[in-house]
Amino acid sequence: MKKLALLLVLAPLYAHGLAPFGLDWGEDVSRYGEVKRQGDELRVETHALPKSLSLANDYVLYADKQHGLLKVTMTSKIYGLYDDYNQDFNFIKQSLMDSGYQTTEFISSEMSSYKCVLQGSCSGKRWYGFVGDGTNVALEQLAKTRQDAFIKLTFKAPKLLQIEAERENLKQLKQQDQMNSDRLAFD
């Protein structure tokens, strides 16, 4: 049943270039819960969206005043590290691909309790993709201990990717200016 619900949530949305879970990129996020502000970023944590997934524990919506909704993160229910949550991971990945997402990268790493305990956190399989309208997605298996593994799904709007690229270019320009200024100190 949960697999059918996931397919119904994902399939029609990406064909039309909409945000996942019945949302629209650029919309006002305040209608989904209490807005928390962190500088220019607006953040809403919620347990329900217009089209929720049965395996979802919660969602975080990220926005700014100028552009509205820019990013959506879904965190699944908690699995034990030895639970078989590969099935849910693989189903989500296949559903995304069936709805038009193309793979940009897949990392087939297995989590081990040894690694998670020593490092304090670890990641397993990771799949990254994009769809024709420019929306990017990251699907990850994550854990902090062997008792709290989960699946994380992050969607980024095309506008956010553009904003991030502009910020990175500005950062590189500032670094180049600083290097040029430092070179003048030796003239």
# chains A, B, ... in the order shown; residues from 1 in each chain; ligands from 1
>>> residues_around(residues="region 64-70 of chain A", least_positions_apart="2", cutoff="10 Å", atoms="only C-alpha atoms", output="number ranges by chain")
A: 19, 23-30, 37-43, 61-62, 72, 135, 155-161, 163
>>> write_last_selection(atoms="N, CA and C atoms", output="short mmCIF file (atom, residue, chain, number, x, y, z; two decimals), in the first residue's frame")
data_model
loop_
_atom_site.label_atom_id
_atom_site.label_comp_id
_atom_site.auth_asym_id
_atom_site.auth_seq_id
_atom_site.Cartn_x
_atom_site.Cartn_y
_atom_site.Cartn_z
N ALA A 19 6.77 20.85 -7.54
CA ALA A 19 7.55 20.34 -6.42
C ALA A 19 6.92 19.04 -5.92
N LEU A 23 3.28 20.05 -3.50
CA LEU A 23 3.72 21.43 -3.29
C LEU A 23 4.05 22.09 -4.63
N ASP A 24 4.22 23.39 -4.60
CA ASP A 24 4.65 24.15 -5.77
C ASP A 24 5.90 24.94 -5.41
N TRP A 25 6.91 24.87 -6.28
CA TRP A 25 8.10 25.70 -6.06
C TRP A 25 7.67 27.15 -6.02
N GLY A 26 8.20 27.91 -5.08
CA GLY A 26 7.91 29.32 -4.97
C GLY A 26 6.73 29.66 -4.08
N GLU A 27 5.99 28.65 -3.61
CA GLU A 27 4.83 28.95 -2.79
C GLU A 27 5.21 29.37 -1.38
N ASP A 28 4.27 30.00 -0.68
CA ASP A 28 4.43 30.45 0.69
C ASP A 28 4.37 29.22 1.61
N VAL A 29 5.40 29.01 2.43
CA VAL A 29 5.46 27.82 3.27
C VAL A 29 4.75 27.99 4.60
N SER A 30 4.32 29.18 4.93
CA SER A 30 3.71 29.43 6.24
C SER A 30 2.40 28.66 6.42
N ARG A 37 12.77 31.48 11.35
CA ARG A 37 13.66 32.29 10.52
C ARG A 37 15.11 32.11 10.96
N GLN A 38 15.98 31.92 9.99
CA GLN A 38 17.42 31.87 10.21
C GLN A 38 18.05 32.77 9.16
N GLY A 39 18.24 34.03 9.51
CA GLY A 39 18.72 35.00 8.54
C GLY A 39 17.66 35.22 7.47
N ASP A 40 18.04 35.05 6.22
CA ASP A 40 17.09 35.19 5.11
C ASP A 40 16.28 33.93 4.87
N GLU A 41 16.70 32.82 5.48
CA GLU A 41 16.04 31.53 5.24
C GLU A 41 14.81 31.35 6.13
N LEU A 42 13.75 30.88 5.53
CA LEU A 42 12.53 30.51 6.25
C LEU A 42 12.48 28.99 6.27
N ARG A 43 12.06 28.44 7.41
CA ARG A 43 12.05 26.98 7.56
C ARG A 43 10.77 26.55 8.27
N LEU A 61 10.57 22.23 5.05
CA LEU A 61 10.43 23.09 3.87
C LEU A 61 11.33 24.30 4.06
N TYR A 62 12.13 24.61 3.06
CA TYR A 62 13.03 25.75 3.09
C TYR A 62 12.58 26.76 2.04
N VAL A 72 12.88 20.97 -0.29
CA VAL A 72 12.05 20.10 0.54
C VAL A 72 12.89 18.90 0.95
N THR A 135 14.85 20.43 -11.49
CA THR A 135 14.78 20.02 -10.09
C THR A 135 15.79 18.91 -9.84
N PHE A 155 14.89 17.49 -2.22
CA PHE A 155 14.60 18.07 -3.52
C PHE A 155 15.02 19.53 -3.51
N LYS A 156 15.69 19.98 -4.57
CA LYS A 156 16.07 21.38 -4.71
C LYS A 156 15.45 21.94 -5.98
N ALA A 157 14.83 23.10 -5.84
CA ALA A 157 14.21 23.78 -6.97
C ALA A 157 15.28 24.32 -7.91
N PRO A 158 14.96 24.45 -9.19
CA PRO A 158 15.92 25.03 -10.13
C PRO A 158 16.41 26.42 -9.69
N LYS A 159 15.53 27.20 -9.10
CA LYS A 159 15.90 28.55 -8.65
C LYS A 159 16.96 28.48 -7.54
N LEU A 160 16.84 27.51 -6.63
CA LEU A 160 17.84 27.36 -5.57
C LEU A 160 19.19 26.99 -6.16
N LEU A 161 19.20 26.11 -7.14
CA LEU A 161 20.45 25.74 -7.79
C LEU A 161 21.11 26.95 -8.44
N ILE A 163 20.67 30.12 -7.46
CA ILE A 163 21.13 30.97 -6.35
C ILE A 163 22.44 30.43 -5.79
#
>>> residues_around(residues="Thr75 (chain A)", least_positions_apart="2", cutoff="12 Å", atoms="only C-alpha atoms", output="PyMOL selection string")
chain A and resi 45-48+52-61+72-73+77-79+89+138-143+148-155
>>> atom_distance(atom1="CA of Pro20 (chain A)", atom2="CA of Asp84 (chain A)")
25.2 Å
>>> select_by_dssp(residues="chain A", states="strand (DSSP E or B)", output="number ranges by chain")
A: 35-38, 41-46, 56-64, 68-76, 79, 102-107, 122-130, 136-143, 149-156
>>> closest_residue(among="A:Met179, A:Ala63, A:Leu96, A:Val44", to="Asn136 (chain A)", atoms="only C-alpha atoms")
A:Leu96
>>> atom_distance(atom1="CA of Met97 (chain A)", atom2="CA of Gly132 (chain A)")
11.9 Å
>>> atom_distance(atom1="CA of Tyr32 (chain A)", atom2="CA of Tyr101 (chain A)")
26.2 Å
>>> select_by_dssp(residues="region 77-152 of chain A", states="alpha helix (DSSP H)", output="MDAnalysis selection string")
chainID A and resid 86:98 113:119
